[in-house]
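Below: the structure, in structure tokens.
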Amino acid sequence: MKRSLIFDFALLSMLALTACSQNDDAPVLNEDSQVFTLTVSNDDAVTRAGRPLYSQVSAQNIDSVKLVIYNTSDNSIAYATTIDTWMSNSNVIATSDGNGRQTTIVLKGDDKLAAGTYKAYAVGYSVNSDYAELYKNLSVLTKGKTFNAITVQTAGDAEEIFAGTTEGNAQFTVGADGALSQRIVLKRQVAGTYGYFTNIPAKGAKDEVATTLRLVASNKLKEVILDGFDLTNAVNGKTSFGNASAQYADGMHTGYEIYSITLTDWFTAGDSNGDGVLNEEDTWQKDAAITDPGVSFKRGSVFGGKFLVPFAAVDGTNTLQLQLLDGSNNILKYWNINLRAKQETVNTVSGADDNSVEETTSVYSILRNSLYTIGLRKAGNDGGEEPDDNPDTDDPTDLNKGQELIIEVNGAWDNIPDMSLD
């Protein structure tokens, strides 16, 4: 079943009001109130929005939600609220099925939406976000102010953040009786990539000792535009970091290091059996820096992963290249990372960087809400619905063959737990 993060606005029926009355802390409701129930179903996920990327499972836990409703006639904000400490807030209670939490929002008096046409805008984020000025940008979205979609900026790596508007980018109308029924879909606004590898060459052609695996990308952007939610297969990033310093193997192009894997963090004695590859037959451990409980890997493998600000393809440069380096950062071996088939449709959010390059299987854009994977790691306590107690079911990629790798793309990242406002 496809899953998404959904806010569903509806004026509650008398049945819903009866259910609310069973809660001792429920508000007193009458015909002068507009009532919304905000529900986040998280499938018992234990991670927050700023989680590390350890697998393809995309369950997560939204720490805070900013909700704005604005009048489309003049973009004036009619209502705004923030639900903080979502997982511990005393006004947020467990849902009846136990797989989420919910709260009730009551609009009375000056808060009630007058008759008119509106849109809604919501952002779900980590309370300890690394995005510069996120809180400042959200704080200006207050009642009476003019609405403008926000951007967030990172000084380094991207992290998960979610945003959305009325489903289909449509507006909704509040009639004279105040009744309304509408929903908002929040989707991940960044991309992700991970590599899961085994049978790693231990030496170069001249017996140089391999020390590092790194993933290089043709671009790396700073800013995420939280807008253009009606666009699918979209790039919504802008502003390159500049000063690309990671050399491609052809010596003609430079890019940006996305992640780096130190091989001795996994193979503490190197190629301990001297067979020329690093695998399950060598002395092996999980990287000690990965301290999250329940995150396990198949013996003899290594893993690296990061979130990415989406970017458009760069003309003439392979979008992703995996490199095996020695201790002096010389490239001993490399693998160009290709798609199985080119992306036929790529949309660009207004204001995002657009290189207007024809997509190919090797030169391709990195799209929001898409996960680009090399090898298969199914789950784990980093967000999986089940702990990864049997990593032997995983399928890391064999690096002891070939010069090109195929990257798998999950363009929907669709196993996200539901969030609904009923």
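Letters for chains follow the order of the structure tokens (A, B, ...), residue numbers begin at 1 for each chain, and ligand numbers begin at 1 in the order shown.
Those residues in range 76-324 of chain A carrying a DSSP assignment of helix (DSSP H, G or I), computed from the backbone, are A:Gly109, A:Asp110, A:Asp111, A:Leu134, A:Tyr135, A:Lys136, A:Asn137, A:Leu138, A:Ser139, A:Glu167, A:Gly168, A:Asn169, A:Leu263, A:Thr264, A:Asp265.
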**Item:** Test item: residues at most 9 Å from Ser245 in chain A, only C-alpha atoms, excluding those fewer than 4 positions along its chain, as a PyMOL selection string
**Value:** chain A and resi 254-257
Give me the range 137-228 of chain A side of the contact with range 122-129 of chain A, cut-off 7 Å, one line per residue showing its nearest atom pair and distance in Å at one decimal, counting only C-alpha atoms, sorted by chain and residue number, as CSV.
residue,atom,partner,partner_atom,distance
A:Ile161,CA,A:Tyr125,CA,5.1
A:Phe162,CA,A:Gly124,CA,4.9
A:Ala163,CA,A:Val123,CA,4.3
A:Gly164,CA,A:Ala122,CA,5.6
A:Thr165,CA,A:Ala122,CA,6.4
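Nearest residue to Gly237 in chain A, choosing from A:Asp315, A:Asp177, A:Glu208, A:Asp353 and counting only C-alpha atoms: A:Asp353.
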**Distance query Phe241 in chain A at most 7 Å, only C-alpha atoms, self and fewer than 4 positions along chain excluded, as number ranges by chain** = A: 220-222
Skipping near chain neighbours, those fewer than 4 positions away, what residues fall within 6 Å of range 261-277 of chain A using only C-alpha atoms, listed as a PDB file with C-alpha atoms, in the first residue's frame?
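Written out: part-v8.pdb:
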ATOM      1  CA  ASN A 199      34.215  -7.987  -1.969  1.00  0.00           C
ATOM      2  CA  ILE A 200      36.081  -4.687  -2.065  1.00  0.00           C
ATOM      3  CA  PRO A 201      39.463  -4.746  -3.831  1.00  0.00           C
ATOM      4  CA  ALA A 202      42.161  -4.487  -1.161  1.00  0.00           C
ATOM      5  CA  THR A 211      41.917   2.810   2.436  1.00  0.00           C
ATOM      6  CA  THR A 212      38.683   4.550   1.443  1.00  0.00           C
ATOM      7  CA  LEU A 213      35.520   4.218  -0.606  1.00  0.00           C
ATOM      8  CA  ASP A 282      38.582 -11.107   6.824  1.00  0.00           C
ATOM      9  CA  THR A 283      38.552  -9.702  10.362  1.00  0.00           C
ATOM     10  CA  TRP A 284      35.399  -7.588  10.385  1.00  0.00           C
ATOM     11  CA  GLN A 285      33.257  -5.445  12.650  1.00  0.00           C
ATOM     12  CA  LYS A 286      30.470  -2.895  12.253  1.00  0.00           C
ATOM     13  CA  ASP A 287      31.871   0.632  12.149  1.00  0.00           C
TER      14      ASP A 287
END
**Request:** Quick one: pick out all strand (DSSP E or B) residues within range 263-399 of chain A from a backbone DSSP run and write them as a ChimeraX atom specification.
**Result:** /A:277-278,301-308,311,320-325,331-339,347-348,366,371-374,376,395,397-398
Residues of the last selection are to be written out with N, CA, C and O atoms, as a compact mmCIF listing (two decimals), in the first residue's frame.
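Result file out-v7.txt:
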# COMPACT_ATOMS: atom_id res chain seq x y z
N VAL A 277 40.83 -9.26 -1.57
CA VAL A 277 39.53 -8.60 -1.43
C VAL A 277 39.17 -8.54 0.04
O VAL A 277 39.59 -9.37 0.85
N LEU A 278 38.35 -7.54 0.37
CA LEU A 278 37.84 -7.39 1.73
C LEU A 278 36.41 -7.93 1.75
O LEU A 278 35.53 -7.40 1.06
N SER A 301 30.74 -6.59 4.94
CA SER A 301 30.25 -5.49 4.12
C SER A 301 30.66 -4.14 4.72
O SER A 301 31.12 -4.06 5.87
N VAL A 302 30.48 -3.09 3.93
CA VAL A 302 30.62 -1.72 4.42
C VAL A 302 29.41 -0.93 3.92
O VAL A 302 28.75 -1.32 2.96
N PHE A 303 29.14 0.21 4.58
CA PHE A 303 27.94 0.97 4.28
C PHE A 303 28.20 2.46 4.42
O PHE A 303 28.92 2.90 5.32
N GLY A 304 27.60 3.25 3.50
CA GLY A 304 27.63 4.70 3.62
C GLY A 304 26.35 5.27 3.05
O GLY A 304 25.80 4.75 2.07
N GLY A 305 25.84 6.35 3.66
CA GLY A 305 24.61 6.95 3.16
C GLY A 305 24.45 8.38 3.61
O GLY A 305 24.94 8.76 4.68
N LYS A 306 23.78 9.19 2.79
CA LYS A 306 23.52 10.59 3.10
C LYS A 306 22.22 11.04 2.44
O LYS A 306 21.80 10.50 1.42
N PHE A 307 21.62 12.08 3.02
CA PHE A 307 20.55 12.80 2.35
C PHE A 307 21.16 13.87 1.46
O PHE A 307 22.26 14.38 1.75
N LEU A 308 20.45 14.23 0.38
CA LEU A 308 20.96 15.18 -0.60
C LEU A 308 19.92 16.24 -0.90
O LEU A 308 18.73 15.94 -1.02
N PHE A 311 19.32 18.16 -7.08
CA PHE A 311 20.01 19.05 -8.03
C PHE A 311 19.81 18.55 -9.46
O PHE A 311 19.57 17.36 -9.69
N LEU A 320 27.01 10.49 -10.58
CA LEU A 320 27.61 9.83 -9.41
C LEU A 320 28.74 8.91 -9.85
O LEU A 320 28.63 8.19 -10.85
N GLN A 321 29.82 8.92 -9.07
CA GLN A 321 30.94 8.01 -9.30
C GLN A 321 31.46 7.51 -7.96
O GLN A 321 31.73 8.30 -7.05
N LEU A 322 31.58 6.19 -7.85
CA LEU A 322 32.16 5.58 -6.66
C LEU A 322 33.65 5.38 -6.90
O LEU A 322 34.05 4.91 -7.97
N GLN A 323 34.46 5.71 -5.90
CA GLN A 323 35.91 5.65 -6.06
C GLN A 323 36.56 4.89 -4.90
O GLN A 323 36.15 5.04 -3.75
N LEU A 324 37.58 4.10 -5.25
CA LEU A 324 38.41 3.43 -4.27
C LEU A 324 39.74 4.18 -4.21
O LEU A 324 40.41 4.34 -5.23
N LEU A 325 40.11 4.66 -3.01
CA LEU A 325 41.28 5.52 -2.85
C LEU A 325 42.34 4.86 -1.99
O LEU A 325 42.05 4.03 -1.12
N ILE A 331 43.11 7.69 -6.88
CA ILE A 331 42.03 6.80 -7.29
C ILE A 331 42.63 5.49 -7.82
O ILE A 331 43.33 5.47 -8.83
N LEU A 332 42.37 4.41 -7.11
CA LEU A 332 42.86 3.09 -7.51
C LEU A 332 41.89 2.39 -8.46
O LEU A 332 42.31 1.64 -9.33
N LYS A 333 40.63 2.63 -8.25
CA LYS A 333 39.60 2.00 -9.06
C LYS A 333 38.35 2.87 -8.93
O LYS A 333 38.18 3.59 -7.95
N TYR A 334 37.50 2.83 -9.95
CA TYR A 334 36.28 3.63 -9.88
C TYR A 334 35.14 2.90 -10.60
O TYR A 334 35.37 2.03 -11.45
N TRP A 335 33.93 3.30 -10.24
CA TRP A 335 32.74 2.75 -10.85
C TRP A 335 31.79 3.91 -11.15
O TRP A 335 31.40 4.66 -10.24
N ASN A 336 31.43 4.08 -12.42
CA ASN A 336 30.39 5.04 -12.75
C ASN A 336 29.04 4.46 -12.35
O ASN A 336 28.76 3.28 -12.58
N ILE A 337 28.20 5.30 -11.76
CA ILE A 337 26.92 4.84 -11.24
C ILE A 337 25.83 5.26 -12.21
O ILE A 337 25.54 6.45 -12.38
N ASN A 338 25.21 4.30 -12.86
CA ASN A 338 24.23 4.57 -13.92
C ASN A 338 22.82 4.15 -13.51
O ASN A 338 22.64 3.25 -12.68
N LEU A 339 21.84 4.80 -14.12
CA LEU A 339 20.45 4.36 -14.00
C LEU A 339 20.17 3.23 -14.98
O LEU A 339 20.84 3.10 -16.02
N ASN A 347 10.91 17.84 -13.56
CA ASN A 347 10.36 19.17 -13.37
C ASN A 347 11.23 19.98 -12.43
O ASN A 347 11.92 19.42 -11.56
N THR A 348 11.21 21.28 -12.59
CA THR A 348 12.00 22.17 -11.76
C THR A 348 11.08 23.13 -11.02
O THR A 348 10.27 23.82 -11.64
N ILE A 366 19.06 14.57 -9.60
CA ILE A 366 18.70 13.96 -8.33
C ILE A 366 17.39 14.60 -7.87
O ILE A 366 17.33 15.82 -7.67
N LEU A 371 15.02 7.87 -3.51
CA LEU A 371 16.14 7.21 -2.85
C LEU A 371 16.95 6.45 -3.89
O LEU A 371 16.41 5.62 -4.63
N TYR A 372 18.24 6.74 -3.97
CA TYR A 372 19.15 6.15 -4.95
C TYR A 372 20.06 5.16 -4.21
O TYR A 372 20.87 5.56 -3.38
N THR A 373 19.91 3.86 -4.53
CA THR A 373 20.58 2.85 -3.73
C THR A 373 21.47 1.95 -4.57
O THR A 373 21.10 1.56 -5.68
N ILE A 374 22.63 1.63 -4.01
CA ILE A 374 23.53 0.63 -4.58
C ILE A 374 23.63 -0.48 -3.55
O ILE A 374 24.12 -0.26 -2.43
N LEU A 376 21.33 -3.55 -1.39
CA LEU A 376 20.05 -3.55 -0.70
C LEU A 376 20.22 -3.81 0.79
O LEU A 376 20.70 -4.86 1.20
N ASP A 395 21.54 -7.59 0.61
CA ASP A 395 22.24 -7.91 -0.61
C ASP A 395 23.22 -6.78 -0.97
O ASP A 395 22.94 -5.96 -1.85
N THR A 397 26.38 -4.92 -2.73
CA THR A 397 26.89 -5.03 -4.09
C THR A 397 28.34 -5.52 -4.09
O THR A 397 29.18 -5.05 -3.32
N ASP A 398 28.63 -6.45 -4.98
CA ASP A 398 29.97 -7.02 -5.15
C ASP A 398 30.82 -6.06 -5.98
O ASP A 398 30.53 -5.79 -7.14
**Asked** Just how far from CA of Glu280 in chain A is CA of Arg299 in chain A, in Å to one decimal?
**Response**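 Rounded to one decimal, the two atoms are 5.3 Å apart.
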